[in-house]
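**Q** Below you'll find target.txt; it's compact mmCIF, C-alpha atoms.
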```txt
# COMPACT_ATOMS: atom_id res chain seq x y z
CA MET A 197 0.00 0.00 0.00
CA LYS A 198 1.44 3.38 -1.05
CA GLN A 199 2.02 6.10 1.53
CA VAL A 200 0.76 9.67 1.06
CA LEU A 201 1.91 12.55 3.25
CA VAL A 202 -0.74 15.30 3.40
CA VAL A 203 0.84 18.68 4.13
CA ASP A 204 -1.59 21.52 4.85
CA ASP A 205 -2.03 24.01 7.67
CA SER A 206 -5.79 23.47 7.64
CA ALA A 207 -6.88 20.56 9.81
CA VAL A 208 -10.14 20.39 7.84
CA ILE A 209 -8.33 20.02 4.50
CA ARG A 210 -6.02 17.38 5.97
CA LYS A 211 -9.01 15.44 7.26
CA VAL A 212 -10.94 15.64 3.97
CA ALA A 213 -7.90 14.71 1.88
CA ARG A 214 -7.01 11.77 4.11
CA ARG A 215 -10.55 10.47 3.98
CA ILE A 216 -10.60 10.56 0.16
CA LEU A 217 -7.11 9.05 -0.15
CA GLU A 218 -7.83 6.26 2.32
CA GLY A 219 -10.92 5.51 0.23
CA MET A 220 -8.49 5.12 -2.68
CA HIS A 221 -6.53 2.59 -0.60
CA PHE A 222 -3.55 4.74 0.31
CA ARG A 223 -1.95 4.87 3.75
CA THR A 224 -1.80 8.47 4.91
CA SER A 225 0.06 10.66 7.37
CA GLU A 226 0.00 14.41 7.83
CA ALA A 227 1.98 17.54 8.63
CA ALA A 228 0.77 21.10 9.26
CA ASP A 229 3.73 22.95 7.70
CA GLY A 230 6.77 22.44 5.49
CA LYS A 231 9.27 22.17 8.33
CA THR A 232 7.36 19.35 10.02
CA ALA A 233 6.89 17.66 6.63
CA LEU A 234 10.67 17.65 6.08
CA VAL A 235 11.17 15.91 9.43
CA GLU A 236 8.59 13.30 8.38
CA CYS A 237 10.41 12.81 5.06
CA GLN A 238 13.75 12.37 6.83
CA LYS A 239 12.21 9.62 8.98
CA ALA A 240 10.58 7.81 6.05
CA MET A 241 10.19 9.05 2.50
CA PRO A 242 6.52 8.79 1.40
CA ASP A 243 5.49 7.74 -2.10
CA VAL A 244 3.40 10.86 -2.67
CA ILE A 245 3.17 14.27 -1.02
CA LEU A 246 -0.03 16.31 -1.31
CA LEU A 247 1.28 19.79 -0.68
CA ASP A 248 -0.31 23.13 0.21
CA TRP A 249 1.52 26.30 -0.84
CA ASN A 250 0.80 28.89 1.85
CA MET A 251 1.75 27.58 5.28
CA PRO A 252 3.51 28.96 8.40
CA GLU A 253 7.15 28.13 9.20
CA MET A 254 8.01 26.88 5.72
CA ASP A 255 5.73 27.21 2.69
CA GLY A 256 5.10 24.50 0.16
CA PHE A 257 7.39 25.91 -2.52
CA GLU A 258 10.37 26.16 -0.17
CA PHE A 259 9.62 22.67 1.10
CA LEU A 260 9.61 21.29 -2.47
CA CYS A 261 12.93 22.92 -3.34
CA THR A 262 14.52 21.60 -0.12
CA LEU A 263 13.01 18.14 -0.60
CA ARG A 264 14.36 17.74 -4.12
CA LYS A 265 17.91 18.37 -2.82
CA MET A 266 17.63 15.74 -0.08
CA PRO A 267 18.96 12.19 -0.50
CA ASN A 268 16.09 10.24 -2.10
CA GLY A 269 14.21 13.55 -2.29
CA ALA A 270 13.60 13.09 -6.00
CA GLU A 271 11.62 9.92 -5.38
CA PRO A 272 8.24 11.07 -4.02
CA LYS A 273 5.64 12.33 -6.42
CA VAL A 274 4.56 15.81 -5.35
CA VAL A 275 1.07 17.10 -6.05
CA PHE A 276 0.48 20.72 -5.09
CA CYS A 277 -2.98 21.40 -3.66
CA THR A 278 -3.45 25.11 -3.17
CA THR A 279 -5.65 28.17 -3.66
CA GLU A 280 -2.88 29.70 -5.79
CA ASN A 281 -4.41 29.40 -9.25
CA GLU A 282 -2.44 31.78 -11.44
CA VAL A 283 -0.39 30.50 -14.36
CA GLY A 284 2.82 31.90 -12.84
CA HIS A 285 2.41 29.90 -9.64
CA ILE A 286 1.53 26.71 -11.49
CA ALA A 287 4.48 27.02 -13.87
CA LYS A 288 6.85 27.85 -10.99
CA ALA A 289 5.73 24.73 -9.08
CA MET A 290 6.07 22.45 -12.10
CA HIS A 291 9.51 23.82 -12.96
CA ALA A 292 10.63 23.26 -9.36
CA GLY A 293 9.76 19.57 -9.60
CA ALA A 294 6.08 19.21 -8.78
CA ASP A 295 4.44 16.34 -10.67
CA GLU A 296 0.87 17.63 -10.68
CA TYR A 297 -1.09 20.64 -9.48
CA ILE A 298 -4.54 20.91 -7.91
CA MET A 299 -6.32 24.24 -7.55
CA LYS A 300 -8.58 24.37 -4.51
CA PRO A 301 -11.40 23.77 -4.00
CA PHE A 302 -11.07 20.12 -4.96
CA ASP A 303 -13.18 17.00 -4.67
CA GLN A 304 -12.63 13.27 -4.95
CA HIS A 305 -12.93 13.34 -8.75
CA ILE A 306 -10.16 15.88 -9.11
CA LEU A 307 -7.93 14.13 -6.57
CA ARG A 308 -8.44 10.79 -8.30
CA SER A 309 -7.83 12.34 -11.72
CA LYS A 310 -4.56 13.91 -10.60
CA PHE A 311 -3.38 10.70 -8.95
CA GLU A 312 -4.15 8.91 -12.22
CA GLU A 313 -1.94 11.45 -13.96
CA ILE A 314 0.99 10.44 -11.78
CA GLY A 315 0.22 6.75 -12.26
CA LEU A 316 -1.06 6.07 -8.77
CA ALA A 317 -4.81 5.53 -9.02
CA MET B 251 -47.04 6.77 -17.77
CA THR B 252 -49.36 9.51 -18.91
CA ALA B 253 -50.59 9.90 -22.49
CA ALA B 254 -48.71 13.22 -22.70
CA PHE B 255 -45.42 11.62 -21.70
CA SER B 256 -45.99 8.80 -24.14
CA ARG B 257 -46.53 11.37 -26.91
CA PHE B 258 -43.39 13.27 -25.89
CA ARG B 259 -41.30 10.05 -25.83
CA ARG B 260 -42.34 9.11 -29.35
CA ALA B 261 -41.66 12.59 -30.69
CA LEU B 262 -38.26 12.78 -28.96
CA ALA B 263 -37.19 9.37 -30.32
CA SER B 264 -38.30 10.31 -33.80
CA LEU B 265 -36.47 13.64 -33.71
CA THR B 266 -33.27 12.73 -31.89
CA GLY B 267 -33.09 8.95 -31.56
CA ILE B 268 -33.01 9.28 -27.78
CA ALA B 269 -35.04 6.47 -26.23
CA LEU B 270 -36.49 7.52 -22.88
CA SER B 271 -37.67 4.56 -20.86
CA ALA B 272 -41.23 4.59 -19.57
CA ASP B 273 -40.09 5.22 -16.00
CA LYS B 274 -38.31 8.49 -16.89
CA GLN B 275 -41.34 10.75 -16.78
CA TYR B 276 -40.04 12.43 -13.63
CA LEU B 277 -36.71 13.13 -15.39
CA ALA B 278 -38.40 14.64 -18.43
CA GLU B 279 -40.71 16.83 -16.37
CA SER B 280 -37.86 17.97 -14.16
CA ARG B 281 -35.57 18.86 -17.07
CA LEU B 282 -38.34 20.41 -19.14
CA GLY B 283 -39.84 22.53 -16.36
CA PRO B 284 -37.56 25.53 -17.06
CA VAL B 285 -38.21 25.19 -20.82
CA MET B 286 -41.96 25.17 -20.26
CA ARG B 287 -41.74 28.25 -18.07
CA ALA B 288 -39.50 30.05 -20.57
CA HIS B 289 -42.03 29.42 -23.33
CA GLY B 290 -45.08 30.21 -21.21
CA VAL B 291 -46.46 26.69 -21.37
CA GLU B 292 -48.58 25.82 -18.36
CA ASP B 293 -48.90 22.06 -18.37
CA PHE B 294 -46.98 19.09 -19.71
CA ALA B 295 -49.83 17.87 -21.92
CA GLN B 296 -49.82 21.17 -23.79
CA PHE B 297 -46.04 21.10 -24.00
CA ALA B 298 -45.98 17.55 -25.38
CA ARG B 299 -48.48 18.56 -28.08
CA MET B 300 -46.41 21.60 -29.02
CA PHE B 301 -43.21 19.53 -29.13
CA GLU B 302 -44.84 16.83 -31.21
CA ASN B 303 -46.21 19.41 -33.64
CA ARG B 304 -42.87 21.28 -33.61
CA ASP B 305 -44.75 24.51 -32.94
CA THR B 306 -41.63 26.68 -32.83
CA ASP B 307 -37.99 25.95 -33.60
CA ALA B 308 -36.94 27.59 -30.34
CA LEU B 309 -39.18 25.36 -28.21
CA VAL B 310 -37.99 22.20 -29.97
CA ARG B 311 -34.34 23.24 -29.70
CA ASP B 312 -34.61 24.17 -26.03
CA ALA B 313 -36.35 20.88 -25.25
CA MET B 314 -33.67 18.90 -27.11
CA ASP B 315 -30.95 20.82 -25.26
CA ALA B 316 -32.64 19.97 -21.97
CA MET B 317 -32.95 16.28 -22.78
CA THR B 318 -29.37 15.70 -23.95
CA THR B 319 -26.77 14.52 -21.49
CA ASN B 320 -23.68 16.69 -21.56
CA GLU B 321 -21.48 14.79 -19.12
CA THR B 322 -17.95 14.93 -20.49
CA PHE B 323 -14.43 15.80 -19.47
CA PHE B 324 -10.96 16.03 -20.94
CA PHE B 325 -9.31 12.71 -21.89
CA ARG B 326 -12.31 10.83 -20.52
CA ASP B 327 -11.41 7.19 -19.82
CA ARG B 328 -7.85 7.91 -21.02
CA ALA B 329 -7.37 4.53 -22.76
CA PRO B 330 -9.04 5.56 -26.06
CA PHE B 331 -6.72 8.55 -26.32
CA ASP B 332 -3.67 6.37 -25.62
CA GLU B 333 -4.88 3.96 -28.30
CA PHE B 334 -5.47 6.84 -30.70
CA ARG B 335 -1.97 8.23 -30.14
CA GLU B 336 -0.02 4.99 -29.99
CA ARG B 337 -1.72 2.84 -32.66
CA VAL B 338 -4.30 4.65 -34.74
CA VAL B 339 -2.35 7.78 -35.65
CA PRO B 340 0.86 5.90 -36.57
CA ALA B 341 -1.17 3.47 -38.70
CA LEU B 342 -2.93 6.30 -40.50
CA VAL B 343 0.30 8.25 -40.98
CA GLY B 344 1.55 5.22 -42.90
CA ALA B 345 -1.67 4.64 -44.80
CA ARG B 346 -2.18 8.30 -45.78
CA ALA B 347 1.46 9.15 -46.52
CA ARG B 348 0.61 10.19 -50.06
CA GLU B 349 -2.41 12.43 -49.47
CA LYS B 350 -1.22 13.71 -46.04
CA ARG B 351 -4.76 14.34 -44.93
CA LEU B 352 -6.68 13.19 -41.87
CA ARG B 353 -10.30 13.83 -41.01
CA ILE B 354 -11.58 13.10 -37.49
CA TRP B 355 -15.16 13.39 -36.32
CA CYS B 356 -16.30 13.66 -32.72
CA ALA B 357 -19.97 12.83 -33.04
CA ALA B 358 -21.98 14.08 -30.04
CA CYS B 359 -19.03 16.07 -28.73
CA SER B 360 -21.07 17.91 -26.10
CA THR B 361 -19.11 20.95 -24.85
CA GLY B 362 -15.99 20.06 -26.79
CA GLN B 363 -13.62 18.45 -24.29
CA GLU B 364 -13.17 15.28 -26.36
CA ALA B 365 -12.44 17.18 -29.57
CA TYR B 366 -9.94 19.44 -27.81
CA SER B 367 -8.35 16.38 -26.17
CA LEU B 368 -7.76 14.92 -29.64
CA ALA B 369 -6.36 18.23 -30.86
CA MET B 370 -3.94 18.34 -27.89
CA THR B 371 -2.95 14.72 -28.50
CA LEU B 372 -2.07 15.46 -32.11
CA ASP B 373 -0.39 18.78 -31.33
CA SER B 374 1.79 17.38 -28.55
CA ASP B 375 3.30 14.86 -30.95
CA SER B 376 3.11 16.94 -34.07
CA ARG B 377 6.33 15.95 -35.87
CA ALA B 378 4.76 13.01 -37.67
CA LEU B 379 1.95 15.21 -38.98
CA ARG B 380 4.03 18.23 -40.02
CA GLY B 381 2.75 19.43 -43.37
CA TRP B 382 -0.48 17.45 -43.08
CA SER B 383 -4.00 18.73 -43.34
CA VAL B 384 -5.75 17.59 -40.17
CA GLU B 385 -9.40 18.36 -39.66
CA ILE B 386 -11.19 17.73 -36.37
CA LEU B 387 -14.95 18.22 -36.48
CA GLY B 388 -17.05 18.20 -33.31
CA THR B 389 -20.81 17.98 -33.67
CA ASP B 390 -23.63 17.90 -31.19
CA LEU B 391 -27.39 18.13 -31.15
CA SER B 392 -27.34 20.81 -28.48
CA ARG B 393 -26.82 24.36 -29.72
CA ALA B 394 -25.89 25.50 -26.20
CA ALA B 395 -23.22 22.80 -25.96
CA ILE B 396 -21.78 23.73 -29.36
CA GLU B 397 -21.64 27.40 -28.39
CA THR B 398 -19.71 26.46 -25.24
CA ALA B 399 -17.38 24.26 -27.29
CA ARG B 400 -16.70 27.07 -29.75
CA ARG B 401 -15.92 29.54 -26.96
CA GLY B 402 -13.54 27.04 -25.44
CA VAL B 403 -13.96 28.49 -21.94
CA PHE B 404 -13.95 25.98 -19.10
CA SER B 405 -14.23 26.30 -15.35
CA GLN B 406 -11.43 25.57 -12.92
CA PHE B 407 -13.29 22.38 -11.99
CA GLU B 408 -13.58 21.26 -15.62
CA VAL B 409 -9.89 21.76 -16.43
CA GLN B 410 -8.88 19.63 -13.47
CA ARG B 411 -10.76 16.50 -14.49
CA GLY B 412 -8.60 14.48 -16.83
CA LEU B 413 -6.40 17.28 -18.09
CA PRO B 414 -2.69 17.01 -17.18
CA THR B 415 -1.30 20.22 -15.68
CA SER B 416 1.39 20.30 -18.38
CA TYR B 417 -1.38 20.53 -21.01
CA LEU B 418 -3.20 23.19 -18.99
CA LEU B 419 -0.07 25.35 -19.07
CA ARG B 420 0.58 24.68 -22.74
CA TYR B 421 -2.89 24.97 -24.24
CA PHE B 422 -4.94 27.26 -21.95
CA HIS B 423 -4.82 30.75 -20.51
CA ARG B 424 -6.75 32.45 -17.71
CA HIS B 425 -9.98 34.09 -18.83
CA ASP B 426 -12.13 36.02 -16.34
CA GLY B 427 -11.54 33.49 -13.57
CA ASP B 428 -11.99 30.54 -15.94
CA TRP B 429 -9.62 28.94 -18.44
CA ARG B 430 -9.78 29.35 -22.21
CA VAL B 431 -8.32 27.11 -24.88
CA ASN B 432 -5.55 28.96 -26.73
CA GLU B 433 -6.41 30.37 -30.11
CA HIS B 434 -4.08 28.12 -32.09
CA LEU B 435 -5.76 25.01 -30.67
CA ARG B 436 -9.27 26.43 -31.11
CA ALA B 437 -8.42 27.05 -34.75
CA ARG B 438 -7.71 23.34 -35.21
CA VAL B 439 -11.19 22.22 -34.22
CA ALA B 440 -14.45 23.09 -35.97
CA PHE B 441 -17.77 22.73 -34.18
CA ARG B 442 -21.16 22.38 -35.75
CA GLU B 443 -24.71 21.81 -34.51
CA PHE B 444 -25.78 18.49 -35.99
CA ASN B 445 -28.48 15.91 -35.36
CA LEU B 446 -27.20 12.34 -35.68
CA MET B 447 -30.61 11.34 -37.04
CA SER B 448 -29.98 13.46 -40.12
CA ASP B 449 -28.05 12.60 -43.28
CA PHE B 450 -24.28 12.27 -42.75
CA ARG B 451 -23.37 12.51 -46.41
CA ASP B 452 -22.66 16.23 -46.52
CA LEU B 453 -20.06 15.79 -43.77
CA GLY B 454 -17.79 13.80 -46.11
CA ARG B 455 -15.73 10.74 -45.22
CA PHE B 456 -13.69 10.40 -42.03
CA ASP B 457 -10.59 8.42 -41.10
CA VAL B 458 -11.49 8.30 -37.41
CA VAL B 459 -14.86 8.67 -35.70
CA PHE B 460 -15.32 9.09 -31.96
CA CYS B 461 -18.94 8.27 -31.07
CA ARG B 462 -18.57 7.29 -27.45
CA ASN B 463 -21.44 6.79 -25.02
CA VAL B 464 -24.02 7.83 -27.62
CA LEU B 465 -25.51 4.57 -28.88
CA LEU B 466 -26.53 3.57 -25.37
CA TYR B 467 -29.26 6.23 -25.48
CA PHE B 468 -30.84 4.67 -28.60
CA GLU B 469 -33.08 1.70 -29.29
CA PRO B 470 -31.32 -1.32 -30.88
CA GLU B 471 -32.85 -0.67 -34.29
CA THR B 472 -31.72 2.97 -34.20
CA GLN B 473 -28.25 1.80 -33.10
CA ARG B 474 -27.93 -0.57 -36.06
CA ASN B 475 -29.11 2.11 -38.44
CA MET B 476 -26.67 4.65 -37.03
CA LEU B 477 -23.74 2.21 -37.22
CA ALA B 478 -24.55 1.50 -40.87
CA ARG B 479 -24.63 5.22 -41.60
CA LEU B 480 -21.39 5.78 -39.64
CA ALA B 481 -19.74 3.06 -41.72
CA GLU B 482 -20.86 4.85 -44.85
CA ALA B 483 -19.31 8.08 -43.53
CA MET B 484 -15.93 6.42 -42.94
CA GLN B 485 -12.97 5.50 -45.10
CA ASP B 486 -12.73 1.78 -45.78
CA ASP B 487 -9.82 1.40 -43.36
CA GLY B 488 -11.14 3.87 -40.78
CA TYR B 489 -11.33 3.56 -37.02
CA LEU B 490 -14.44 3.89 -34.88
CA PHE B 491 -14.24 4.58 -31.14
CA LEU B 492 -17.37 3.65 -29.19
CA GLY B 493 -17.88 3.66 -25.42
CA ALA B 494 -16.26 0.65 -23.73
CA SER B 495 -19.71 -0.83 -23.02
CA GLU B 496 -21.02 -0.26 -26.53
CA THR B 497 -20.64 -2.61 -29.48
CA ALA B 498 -20.60 -2.46 -33.25
CA ALA B 499 -20.89 -6.25 -33.46
CA ASP B 500 -24.51 -5.90 -34.58
CA ALA B 501 -23.28 -3.94 -37.58
CA SER B 502 -21.07 -6.79 -38.74
CA PRO B 503 -19.58 -7.11 -41.33
CA CYS B 504 -19.10 -3.33 -41.54
CA PHE B 505 -16.94 -3.27 -38.41
CA THR B 506 -14.57 -5.71 -36.77
CA PRO B 507 -13.23 -5.45 -33.19
CA GLY B 508 -10.03 -3.45 -32.83
CA THR B 509 -7.19 -3.92 -30.40
CA SER B 510 -8.94 -2.53 -27.32
CA ASP B 511 -12.39 -2.18 -25.78
CA GLY B 512 -14.47 0.30 -27.71
CA LEU B 513 -12.21 0.41 -30.78
CA TRP B 514 -13.60 -0.93 -34.06
CA ARG B 515 -12.09 -1.16 -37.53
CA ARG B 516 -14.08 -0.41 -40.62
CA SER B 517 -14.09 -3.56 -42.75
CA ALA B 518 -12.83 -2.66 -46.20
CA ALA B 519 -14.71 -5.53 -47.85
CA ALA B 520 -18.15 -4.55 -46.62
CA ARG B 521 -20.20 -1.54 -47.59
CA PRO B 522 -23.20 -1.10 -45.35
CA ARG B 523 -26.71 -1.85 -46.47
CA LEU B 524 -28.30 1.40 -45.46
CA LEU B 525 -31.50 1.11 -43.54
CA THR B 526 -34.22 3.69 -43.70
CA ALA B 527 -34.21 5.91 -40.65
```
What is this structure when it is put down as structure tokens?
**A**
Amino acid sequence: MKQVLVVDDSAVIRKVARRILEGMHFRTSEAADGKTALVECQKAMPDVILLDWNMPEMDGFEFLCTLRKMPNGAEPKVVFCTTENEVGHIAKAMHAGADEYIMKPFDQHILRSKFEEIGLA
Amino acid sequence: MTAAFSRFRRALASLTGIALSADKQYLAESRLGPVMRAHGVEDFAQFARMFENRDTDALVRDAMDAMTTNETFFFRDRAPFDEFRERVVPALVGARAREKRLRIWCAACSTGQEAYSLAMTLDSDSRALRGWSVEILGTDLSRAAIETARRGVFSQFEVQRGLPTSYLLRYFHRHDGDWRVNEHLRARVAFREFNLMSDFRDLGRFDVVFCRNVLLYFEPETQRNMLARLAEAMQDDGYLFLGASETAADASPCFTPGTSDGLWRRSAAARPRLLTA
């Protein structure tokens, strides 16, 4: 069973995302900011990271850039999941190594579709 | 089932091919309520009479728009598009090397996502088709759906179902909070209001036809008739994509099963015996 780390400062979003992902037969864990997510990744690298952009401590973009420089940091698929919906943000995320991009609000259809895109649904 | 609903069902099937089952009266009344109000019609019996008699073009068109199902999204089911890219296009590139011309028809294209998905598929791997004339035609019964398809404006929700983010960046731009297909891609797809019950002959012959999840709304006899007419509208070595649960086996020998669910090959040896509609 693949492991998804849900990184979002909203407890509600984390709960909703985990519920959908567990329904898709993923194991899930969570972090409320980028810094905590990095610690989780150092302990055990997940298969997929569902990543918010705007968070306290360390935002999603900084997390992604740091992750990709870590040993094994190129391995997880990263799917941004954020209210940032301008072309510039999307392009910046994809160029920095994101695999897919979800613009909030999202639902199970969108989440499933994006996980299909990265070959994991 | 009321007499009025029975009358409406017959008229709808005759006009569009859509076969409403007897237990769908609630669906018809629910979908047609806004149409009735817009045209000042007070009860369903009166409406059914007006529809049957085709009192006004606007009333008939609005009713047909209301009764068509426009569920669609980009790269729906994915596999047909993979098959199209990996097998069908390379085969046709070889077979049409001399004339360098491809014609593709999305029959019942709804709001255009399938036609644009094909255009993106061809554009993203365009080297093999450089210098070719490629025509993609999307048709649908619903005028409202065709107008949406022509505008090429889709909501944030719509562009996130089936569409890879790399394609969103490459083929769309922001448009008043929504997303619009770029002009160069819109120019590659033509859309036209068209009733599949009418004569296909003025559309010309196609190399590939996508007619997915359409036949399932028709009675078996209408399905057989439509498949025979589709065969007539296709090149002898053409490809027909149906929905995965639909079959062209009843139209044998005009079509033979292709290499995946929903894909059918036009049989060169057989010309269809056209049935009267």
**Q** Which residue, A:Ser225, A:Lys265, A:Val200, A:Lys211, has the smallest gap to Ile245 (chain A) when you use all atoms listed in the file?
**A**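 Among the listed residues, the smallest separation from Ile245 (chain A) belongs to A:Val200.
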**Q** Using all atoms listed in the file, find the residues of chain B whose closest atom to chain A is at most 8 Å away, then write them as a list of chain:residue names.
**A** B:Gln406, B:Phe407, B:Gln410, B:Arg411, B:Gly412, B:Pro414, B:Thr415, B:Leu419, B:His423, B:Arg424
**Q** Determine, counting all atoms listed in the file, which protein, DNA and RNA residues have an atom within 12 Å of an atom of Leu372 (chain B); residues of the same chain fewer than 3 positions away are not included. Present the result as a PyMOL selection string.
**A** chain B and resi 331-332+334-336+338-340+343+352+354+365-369+375-380+382-386+435+438-439
**Q** Give me, please, the distance in Å between CA of His425 (chain B) and CA of Gly402 (chain B), quoted to one decimal.
**A**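 Between these atoms lies a distance of 10.3 Å.
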**Q** What are the centre and edge lengths in Å, to one decimal, of the axis-aligned box around all listed atoms of region 307-319 of chain B with 5 Å added on each side, as AutoDock Vina command-line options?
**A**
```
--center_x -33.0 --center_y 21.1 --center_z -27.5 --size_x 22.4 --size_y 23.1 --size_z 22.1
```
**Q** What's the separation between CA of Ala261 (chain B) and CA of Met286 (chain B), in Å to one decimal place?
**A**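 Straight-line distance from CA of Ala261 (chain B) to CA of Met286 (chain B) works out to 16.3 Å.
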**Q** Contacts of Thr266 (chain B) at 9 Å or less, counting all atoms listed in the file, minus same-chain residues fewer than 5 places along, as a tab-separated table (two decimals) with C-alpha atoms, keeping the file's coordinate frame?
**A**
```tsv
chain	number	residue	atom	x	y	z
B	261	ALA	CA	-41.66	12.59	-30.69
B	314	MET	CA	-33.67	18.90	-27.11
B	391	LEU	CA	-27.39	18.13	-31.15
B	445	ASN	CA	-28.48	15.91	-35.36
B	446	LEU	CA	-27.20	12.34	-35.68
B	447	MET	CA	-30.61	11.34	-37.04
B	448	SER	CA	-29.98	13.46	-40.12
```
**Q** Which residues come within 10 Å of Glu258 (chain A), counting only C-alpha atoms, excluding same-chain residues fewer than 3 positions away, as a list in words?
**A**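 The residues that qualify are Gly230, Lys231, Trp249, Met254, Asp255, Cys261, Thr262, Leu263 and Ala292 of chain A.
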**Q** Using all atoms listed in the file, which of the listed residues (A:Ala289, A:Cys277, A:Ala233, A:Val202) sits closest to Pro252 (chain A)?
**A** A:Ala233
**Q** Excluding same-chain residues fewer than 6 positions from Val409 (chain B), what lies within 8 Å of it counting all atoms listed in the file, as a count of residues only?
**A** 3
**Q** Please compute the CA of Cys356 (chain B)-CA of Leu262 (chain B) distance, one decimal, in Å.
**A**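 Answer for the CA of Cys356 (chain B) to CA of Leu262 (chain B) separation: 22.3 Å.
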**Q** Mind checking which residues fall within 10 Å of Ala329 (chain B), counting only C-alpha atoms, ignoring those fewer than 4 positions away in the same chain, and posting them as JSON, numbers by chain?
**A** {"B": [325, 333, 334, 335, 494, 510, 511, 512]}
**Q** Please list, as a list in words, the residues that have an atom at most 9 Å away from (-27.8, 3.7, -30.4) in the coordinates of this file, counting all atoms listed in the file.
**A**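 So the residues meeting the distance criterion are Gly267, Ile268, Ala269, Asn463, Val464, Leu465, Leu466, Tyr467, Phe468, Glu469, Pro470, Glu471, Thr472, Gln473, Arg474, Asn475, Met476, Leu477 and Glu496 of chain B.
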**Q** In file coordinates, which residues lie within 7 Å of (-21.3, 11.4, -45.6) using all atoms listed in the file, given as a PyMOL selection string?
**A** chain B and resi 450-455+482-483
**Q** Which residue out of A:Ser206, A:Gln199, A:Gln304, A:Thr278 has the minimum interatomic distance to Gly219 (chain A) when only C-alpha atoms are used?
**A**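 Among the listed residues, A:Gln304 lies closest to Gly219 (chain A).
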**Q** Can I get C-alpha atoms for region 266-278 of chain A, as a PDB file, in the first residue's frame?
**A**
```pdb
ATOM      1  CA  MET A 266      17.635  15.736  -0.079  1.00  0.00           C
ATOM      2  CA  PRO A 267      18.957  12.189  -0.504  1.00  0.00           C
ATOM      3  CA  ASN A 268      16.092  10.241  -2.097  1.00  0.00           C
ATOM      4  CA  GLY A 269      14.209  13.547  -2.289  1.00  0.00           C
ATOM      5  CA  ALA A 270      13.602  13.089  -6.003  1.00  0.00           C
ATOM      6  CA  GLU A 271      11.618   9.917  -5.378  1.00  0.00           C
ATOM      7  CA  PRO A 272       8.240  11.065  -4.021  1.00  0.00           C
ATOM      8  CA  LYS A 273       5.636  12.329  -6.419  1.00  0.00           C
ATOM      9  CA  VAL A 274       4.563  15.809  -5.349  1.00  0.00           C
ATOM     10  CA  VAL A 275       1.069  17.099  -6.049  1.00  0.00           C
ATOM     11  CA  PHE A 276       0.477  20.715  -5.093  1.00  0.00           C
ATOM     12  CA  CYS A 277      -2.976  21.398  -3.664  1.00  0.00           C
ATOM     13  CA  THR A 278      -3.447  25.110  -3.171  1.00  0.00           C
TER      14      THR A 278
END
```
